[in-house]
Amino acid sequence: MNVLAMPMHRFIDHRGKLVNPLPEWADLTTLKGFYCDMVLTRTYDNKAVALQRTGKLGTYPSHLGSEAIGIAIGRALKNSDVFIPYYRDLPALWARGIGMEKNLQYWGGDERGSDFSPDDAHCRDLPFCVPIATQCTHAVGVAAALKIQGNHQVALVTCGDGATSKGDFLESLNCAGAWNIPLVFVINNNQWAISVPRSIQCGAELLSDKAKGAGIEGITVDGNDIVAMFDIVAKSLDHARKGKGATLIEAVSYRLSDHTTADDASRYRSDDELQQAWEYEPVKRLKTFLIEQGAWSEQDDLNWLTHCKEVIEKVVEKYLNTTPQAPETAFDFLYEELSEDLLSQRDTIINKAMRMQGGRHG
């Protein structure tokens, strides 16, 4: 895929050079903040993969290569908006104020990782959605409710390129256009739906073209350029907030990792393709630009990376020291009422846990 030849919204190219004048909001202080955010979330990602490899975390989906998309979304949304994420959205949730330990809990099998308490400013944000594209239908419902409430709030939902081939996604687009609801769709077009390449997923040149059938705005953005990402997400949110309807954003990126830690991408993509994709990644791009502007240095980078590692180690320590959930919560938080058979199973699992912990049979 020749990303340079694709028509898309872009300010900074893969060499860190300006190709269009920066928007007024994009001062160097803001861009340094974006860069620091991306480095911190990438440091977290590396650590999460290491935790999975050492048996301290379950299967984990890396967000390597999509940091610009997530940070732009998280920073552009207002506290009163509602974010409906898919499973590769740690950067956005973190930028929204959700602690990284929640993400570790989630992938560690602790359902409290999906509990954004009422004390949290973003408690209306939905938890991760692993089923493909079903979060889009949830987002339609949320956005319709926001429109009825009339508070000028917006819902934003994310998905991968593979999800755009699902009926849930297409039906959600159609509802968004027909109902004129305040909803922004962001597709992380990272070129691979597990082992299926973008080239055979859809015959359209651009995934943003799917917006036409729904009668909503569609735009393709360089998902490795955080300036372009933030600019378009912010404008699309404003568009929806003013009652002008939904927008579909296609963010062109590349999945630099395996699909998850249970995957081996080397079985279906070439090393040459992966190495070429690394030349377009978002973190190095912004770093190069900032250094050339005299706003950042290699020493600044080393200092920040050291800080990031210290922050992540504290997050991991908090996760590892969290008291595990009682095993019977698997029943308590799944069923509204327990039948006699389920009550018996609940008792059995409690007794088994007590024996494993050295207690006596109850």
# chains A, B, ... in the order shown; residues from 1 in each chain; ligands from 1

call {"tool": "residues_around", "arguments": {"residues": "stretch 6-16 of chain A", "least_positions_apart": "2", "cutoff": "6 Å", "atoms": "only C-alpha atoms", "output": "PyMOL selection string"}}
result
chain A and resi 3-4+18-20+220-222+228+280+285+288-289

call {"tool": "write_last_selection", "arguments": {"atoms": "N, CA and C atoms", "output": "PDB file, in the first residue's frame"}}
result
ATOM      1  N   VAL A   3       1.123   4.625   0.953  1.00  0.00           N
ATOM      2  CA  VAL A   3       0.435   5.637   1.760  1.00  0.00           C
ATOM      3  C   VAL A   3       0.755   7.050   1.289  1.00  0.00           C
ATOM      4  N   LEU A   4       1.896   7.237   0.672  1.00  0.00           N
ATOM      5  CA  LEU A   4       2.257   8.573   0.194  1.00  0.00           C
ATOM      6  C   LEU A   4       1.357   9.015  -0.955  1.00  0.00           C
ATOM      7  N   LEU A  18       7.178  19.472   7.581  1.00  0.00           N
ATOM      8  CA  LEU A  18       5.867  20.052   7.366  1.00  0.00           C
ATOM      9  C   LEU A  18       5.491  19.974   5.888  1.00  0.00           C
ATOM     10  N   VAL A  19       4.288  19.494   5.618  1.00  0.00           N
ATOM     11  CA  VAL A  19       3.789  19.489   4.241  1.00  0.00           C
ATOM     12  C   VAL A  19       2.620  20.458   4.104  1.00  0.00           C
ATOM     13  N   ASN A  20       2.108  20.932   5.216  1.00  0.00           N
ATOM     14  CA  ASN A  20       1.070  21.967   5.247  1.00  0.00           C
ATOM     15  C   ASN A  20       1.297  22.814   6.494  1.00  0.00           C
ATOM     16  N   THR A 220     -10.311  10.717   5.218  1.00  0.00           N
ATOM     17  CA  THR A 220      -9.148   9.865   5.478  1.00  0.00           C
ATOM     18  C   THR A 220      -8.016  10.723   6.025  1.00  0.00           C
ATOM     19  N   VAL A 221      -7.419  10.270   7.109  1.00  0.00           N
ATOM     20  CA  VAL A 221      -6.384  11.019   7.823  1.00  0.00           C
ATOM     21  C   VAL A 221      -5.140  10.158   7.962  1.00  0.00           C
ATOM     22  N   ASP A 222      -3.991  10.787   7.946  1.00  0.00           N
ATOM     23  CA  ASP A 222      -2.738  10.089   8.243  1.00  0.00           C
ATOM     24  C   ASP A 222      -2.727   9.778   9.736  1.00  0.00           C
ATOM     25  N   ALA A 228      -2.562  15.928  12.481  1.00  0.00           N
ATOM     26  CA  ALA A 228      -3.704  15.713  11.596  1.00  0.00           C
ATOM     27  C   ALA A 228      -4.832  14.992  12.320  1.00  0.00           C
ATOM     28  N   TYR A 280       7.210   4.922   8.934  1.00  0.00           N
ATOM     29  CA  TYR A 280       6.076   5.846   8.962  1.00  0.00           C
ATOM     30  C   TYR A 280       5.484   6.012  10.356  1.00  0.00           C
ATOM     31  N   ARG A 285       8.334  10.190  14.132  1.00  0.00           N
ATOM     32  CA  ARG A 285       7.960  11.309  13.255  1.00  0.00           C
ATOM     33  C   ARG A 285       7.872  12.617  14.048  1.00  0.00           C
ATOM     34  N   THR A 288      11.312  13.743  15.559  1.00  0.00           N
ATOM     35  CA  THR A 288      12.170  14.387  14.557  1.00  0.00           C
ATOM     36  C   THR A 288      11.753  15.833  14.327  1.00  0.00           C
ATOM     37  N   PHE A 289      10.450  16.056  14.219  1.00  0.00           N
ATOM     38  CA  PHE A 289       9.949  17.408  13.999  1.00  0.00           C
ATOM     39  C   PHE A 289      10.299  18.321  15.168  1.00  0.00           C
TER      40      PHE A 289
END

call {"tool": "closest_atom_pairs", "arguments": {"of": "stretch 113-207 of chain A", "to": "stretch 230-254 of chain A", "cutoff": "10 Å", "atoms": "only C-alpha atoms", "output": "CSV"}}
result
residue,atom,partner,partner_atom,distance
A:Ala143,CA,A:Ala246,CA,9.6
A:Lys147,CA,A:Gly243,CA,8.4
A:Gly150,CA,A:Gly243,CA,9.6
A:Asn151,CA,A:Arg241,CA,8.8
A:His152,CA,A:Arg241,CA,5.0
A:Gln153,CA,A:Arg241,CA,5.9
A:Val154,CA,A:Arg241,CA,6.1
A:Ala155,CA,A:Leu237,CA,8.5
A:Leu156,CA,A:Leu237,CA,8.2
A:Val157,CA,A:Leu248,CA,9.8
A:Thr158,CA,A:Ile249,CA,9.4
A:Cys159,CA,A:Glu250,CA,9.9
A:Gly160,CA,A:Glu250,CA,9.6
A:Asp161,CA,A:Glu250,CA,8.6
A:Leu173,CA,A:Leu248,CA,8.3
A:Cys175,CA,A:Ala246,CA,9.9
A:Ala176,CA,A:Ala246,CA,6.2
A:Gly177,CA,A:Ala246,CA,6.7
A:Ala178,CA,A:Gly245,CA,9.5
A:Trp179,CA,A:Gly245,CA,8.4
A:Asn180,CA,A:Gly245,CA,4.7
A:Ile181,CA,A:Gly245,CA,5.4
A:Pro182,CA,A:Ala240,CA,4.5
A:Leu183,CA,A:Ala246,CA,4.8
A:Val184,CA,A:Thr247,CA,5.0
A:Phe185,CA,A:Leu248,CA,4.7
A:Val186,CA,A:Ile249,CA,4.7
A:Ile187,CA,A:Glu250,CA,4.8
A:Asn188,CA,A:Ala251,CA,5.2
A:Asn189,CA,A:Val252,CA,4.9
A:Asn190,CA,A:Tyr254,CA,3.9
A:Gln191,CA,A:Tyr254,CA,5.8
A:Trp192,CA,A:Tyr254,CA,7.9
A:Leu206,CA,A:Glu250,CA,8.0
A:Leu207,CA,A:Glu250,CA,6.3

call {"tool": "residues_around", "arguments": {"residues": "A:Asn46", "least_positions_apart": "3", "cutoff": "12 Å", "atoms": "only C-alpha atoms", "output": "list of chain:residue names"}}
result
A:Val39, A:Leu40, A:Thr41, A:Arg42, A:Thr43, A:Val49, A:Ala50, A:Leu51, A:Gln52, A:Arg53, A:Tyr60, A:Pro61, A:Ser62, A:His63, A:Leu64, A:Gly65, A:Ser257, A:Thr261, A:Cys308, A:Lys309, A:Ile312, A:Glu313

call {"tool": "write_last_selection", "arguments": {"atoms": "C-alpha atoms", "output": "mmCIF file, in the first residue's frame"}}
result
data_model
loop_
_atom_site.group_PDB
_atom_site.id
_atom_site.type_symbol
_atom_site.label_atom_id
_atom_site.label_comp_id
_atom_site.auth_asym_id
_atom_site.auth_seq_id
_atom_site.Cartn_x
_atom_site.Cartn_y
_atom_site.Cartn_z
ATOM 1 C CA VAL A 39 6.160 7.660 24.561
ATOM 2 C CA LEU A 40 4.527 6.873 27.899
ATOM 3 C CA THR A 41 1.825 4.689 26.346
ATOM 4 C CA ARG A 42 4.397 2.912 24.160
ATOM 5 C CA THR A 43 6.498 2.213 27.254
ATOM 6 C CA VAL A 49 3.746 -7.607 26.436
ATOM 7 C CA ALA A 50 6.591 -8.596 28.777
ATOM 8 C CA LEU A 51 4.088 -9.314 31.560
ATOM 9 C CA GLN A 52 2.123 -11.586 29.257
ATOM 10 C CA ARG A 53 5.266 -13.426 28.193
ATOM 11 C CA TYR A 60 -2.870 -8.874 25.254
ATOM 12 C CA PRO A 61 -3.492 -6.766 22.104
ATOM 13 C CA SER A 62 -0.614 -4.364 21.536
ATOM 14 C CA HIS A 63 -1.371 -0.836 20.343
ATOM 15 C CA LEU A 64 2.139 -0.415 18.893
ATOM 16 C CA GLY A 65 1.876 1.979 15.952
ATOM 17 C CA SER A 257 2.895 -5.761 16.467
ATOM 18 C CA THR A 261 0.270 -11.992 21.988
ATOM 19 C CA CYS A 308 8.119 6.717 31.877
ATOM 20 C CA LYS A 309 9.724 3.503 33.079
ATOM 21 C CA ILE A 312 4.989 2.135 34.538
ATOM 22 C CA GLU A 313 6.785 0.150 37.243
#

call {"tool": "closest_residue", "arguments": {"among": "A:Ser199, A:Thr137, A:Ser117, A:Thr260", "to": "A:Ala48", "atoms": "only C-alpha atoms"}}
result
A:Thr260

call {"tool": "select_by_dssp", "arguments": {"residues": "stretch 161-318 of chain A", "states": "strand (DSSP E)", "output": "list in words"}}
result
Leu183, Val184, Phe185, Val186, Ile187, Asn188, Asn189, Trp192, Ala193, Val196, Pro197, Glu217, Gly218, Ile219, Thr220, Val221, Asp222, Thr247, Leu248, Ile249, Glu250, Ala251 and Val252 of chain A

call {"tool": "atom_distance", "arguments": {"atom1": "atom CA of A:Lys287", "atom2": "atom CA of A:Leu274"}}
result
20.5 Å

call {"tool": "select_by_dssp", "arguments": {"residues": "stretch 120-194 of chain A", "states": "alpha helix (DSSP H)", "output": "list in words"}}
result
Thr134, Gln135, Cys136, Thr137, His138, Ala139, Val140, Gly141, Val142, Ala143, Ala144, Ala145, Leu146, Lys147, Ile148, Gln149, Gly167, Asp168, Phe169, Leu170, Glu171, Ser172, Leu173, Asn174, Cys175, Ala176, Gly177, Ala178 and Trp179 of chain A

call {"tool": "closest_residue", "arguments": {"among": "A:Val283, A:Leu126, A:Ile69, A:Ala326", "to": "A:Asp81", "atoms": "only C-alpha atoms"}}
result
A:Leu126

call {"tool": "residues_around", "arguments": {"residues": "A:Phe331", "least_positions_apart": "2", "cutoff": "9 Å", "atoms": "only C-alpha atoms", "output": "number ranges by chain"}}
result
A: 327-329, 333-335, 338, 342-343, 345-346

call {"tool": "write_last_selection", "arguments": {"atoms": "C-alpha atoms", "output": "compact mmCIF listing (two decimals), in the first residue's frame"}}
result
# COMPACT_ATOMS: atom_id res chain seq x y z
CA PRO A 327 -13.99 -16.69 42.56
CA GLU A 328 -17.74 -16.61 43.22
CA THR A 329 -17.95 -13.15 41.64
CA PHE A 333 -21.78 -10.28 38.38
CA LEU A 334 -23.13 -12.42 35.56
CA TYR A 335 -26.60 -13.42 36.71
CA LEU A 338 -29.21 -17.70 40.67
CA LEU A 342 -26.13 -22.25 39.88
CA LEU A 343 -26.21 -21.78 43.66
CA GLN A 345 -22.05 -24.53 41.51
CA ARG A 346 -21.27 -21.29 43.37

call {"tool": "residues_around", "arguments": {"residues": "A:Lys56", "least_positions_apart": "5", "cutoff": "12 Å", "atoms": "only C-alpha atoms", "output": "PDB file with N, CA and C atoms, in the first residue's frame"}}
result
ATOM      1  N   LYS A  47       5.864  -3.036  28.288  1.00  0.00           N
ATOM      2  CA  LYS A  47       5.831  -3.715  29.581  1.00  0.00           C
ATOM      3  C   LYS A  47       4.688  -4.721  29.648  1.00  0.00           C
ATOM      4  N   ALA A  48       3.539  -4.366  29.092  1.00  0.00           N
ATOM      5  CA  ALA A  48       2.391  -5.272  29.112  1.00  0.00           C
ATOM      6  C   ALA A  48       2.693  -6.551  28.333  1.00  0.00           C
ATOM      7  N   VAL A  49       3.358  -6.422  27.197  1.00  0.00           N
ATOM      8  CA  VAL A  49       3.746  -7.607  26.436  1.00  0.00           C
ATOM      9  C   VAL A  49       4.696  -8.476  27.257  1.00  0.00           C
ATOM     10  N   ALA A  50       5.648  -7.843  27.940  1.00  0.00           N
ATOM     11  CA  ALA A  50       6.591  -8.596  28.777  1.00  0.00           C
ATOM     12  C   ALA A  50       5.862  -9.309  29.908  1.00  0.00           C
ATOM     13  N   LEU A  51       4.864  -8.674  30.490  1.00  0.00           N
ATOM     14  CA  LEU A  51       4.088  -9.314  31.560  1.00  0.00           C
ATOM     15  C   LEU A  51       3.351 -10.540  31.036  1.00  0.00           C
ATOM     16  N   LEU A 104      -4.441  -3.356  32.880  1.00  0.00           N
ATOM     17  CA  LEU A 104      -3.774  -4.586  33.302  1.00  0.00           C
ATOM     18  C   LEU A 104      -4.768  -5.528  33.973  1.00  0.00           C
ATOM     19  N   GLN A 105      -5.639  -4.969  34.796  1.00  0.00           N
ATOM     20  CA  GLN A 105      -6.659  -5.807  35.430  1.00  0.00           C
ATOM     21  C   GLN A 105      -7.531  -6.491  34.383  1.00  0.00           C
ATOM     22  N   TRP A 107      -6.950  -7.266  31.160  1.00  0.00           N
ATOM     23  CA  TRP A 107      -6.280  -8.335  30.427  1.00  0.00           C
ATOM     24  C   TRP A 107      -5.718  -9.399  31.358  1.00  0.00           C
ATOM     25  N   GLY A 108      -5.738  -9.111  32.661  1.00  0.00           N
ATOM     26  CA  GLY A 108      -5.355 -10.123  33.639  1.00  0.00           C
ATOM     27  C   GLY A 108      -6.526 -10.957  34.109  1.00  0.00           C
ATOM     28  N   GLY A 109      -7.714 -10.701  33.551  1.00  0.00           N
ATOM     29  CA  GLY A 109      -8.879 -11.501  33.881  1.00  0.00           C
ATOM     30  C   GLY A 109      -9.685 -10.995  35.058  1.00  0.00           C
ATOM     31  N   VAL A 316       2.526  -1.272  37.431  1.00  0.00           N
ATOM     32  CA  VAL A 316       2.617  -2.734  37.479  1.00  0.00           C
ATOM     33  C   VAL A 316       2.599  -3.222  38.923  1.00  0.00           C
ATOM     34  N   GLU A 317       3.317  -2.539  39.784  1.00  0.00           N
ATOM     35  CA  GLU A 317       3.342  -2.925  41.205  1.00  0.00           C
ATOM     36  C   GLU A 317       1.940  -2.858  41.801  1.00  0.00           C
ATOM     37  N   TYR A 319      -0.877  -3.180  40.192  1.00  0.00           N
ATOM     38  CA  TYR A 319      -1.647  -4.282  39.606  1.00  0.00           C
ATOM     39  C   TYR A 319      -1.316  -5.610  40.276  1.00  0.00           C
ATOM     40  N   LEU A 320      -0.028  -5.897  40.415  1.00  0.00           N
ATOM     41  CA  LEU A 320       0.382  -7.184  40.970  1.00  0.00           C
ATOM     42  C   LEU A 320       0.020  -7.324  42.446  1.00  0.00           C
ATOM     43  N   ASN A 321      -0.114  -6.203  43.133  1.00  0.00           N
ATOM     44  CA  ASN A 321      -0.437  -6.239  44.569  1.00  0.00           C
ATOM     45  C   ASN A 321      -1.929  -6.096  44.852  1.00  0.00           C
TER      46      ASN A 321
END

call {"tool": "closest_residue", "arguments": {"among": "A:His307, A:Arg75, A:Arg267, A:Arg112", "to": "A:Arg96", "atoms": "only C-alpha atoms"}}
result
A:Arg75
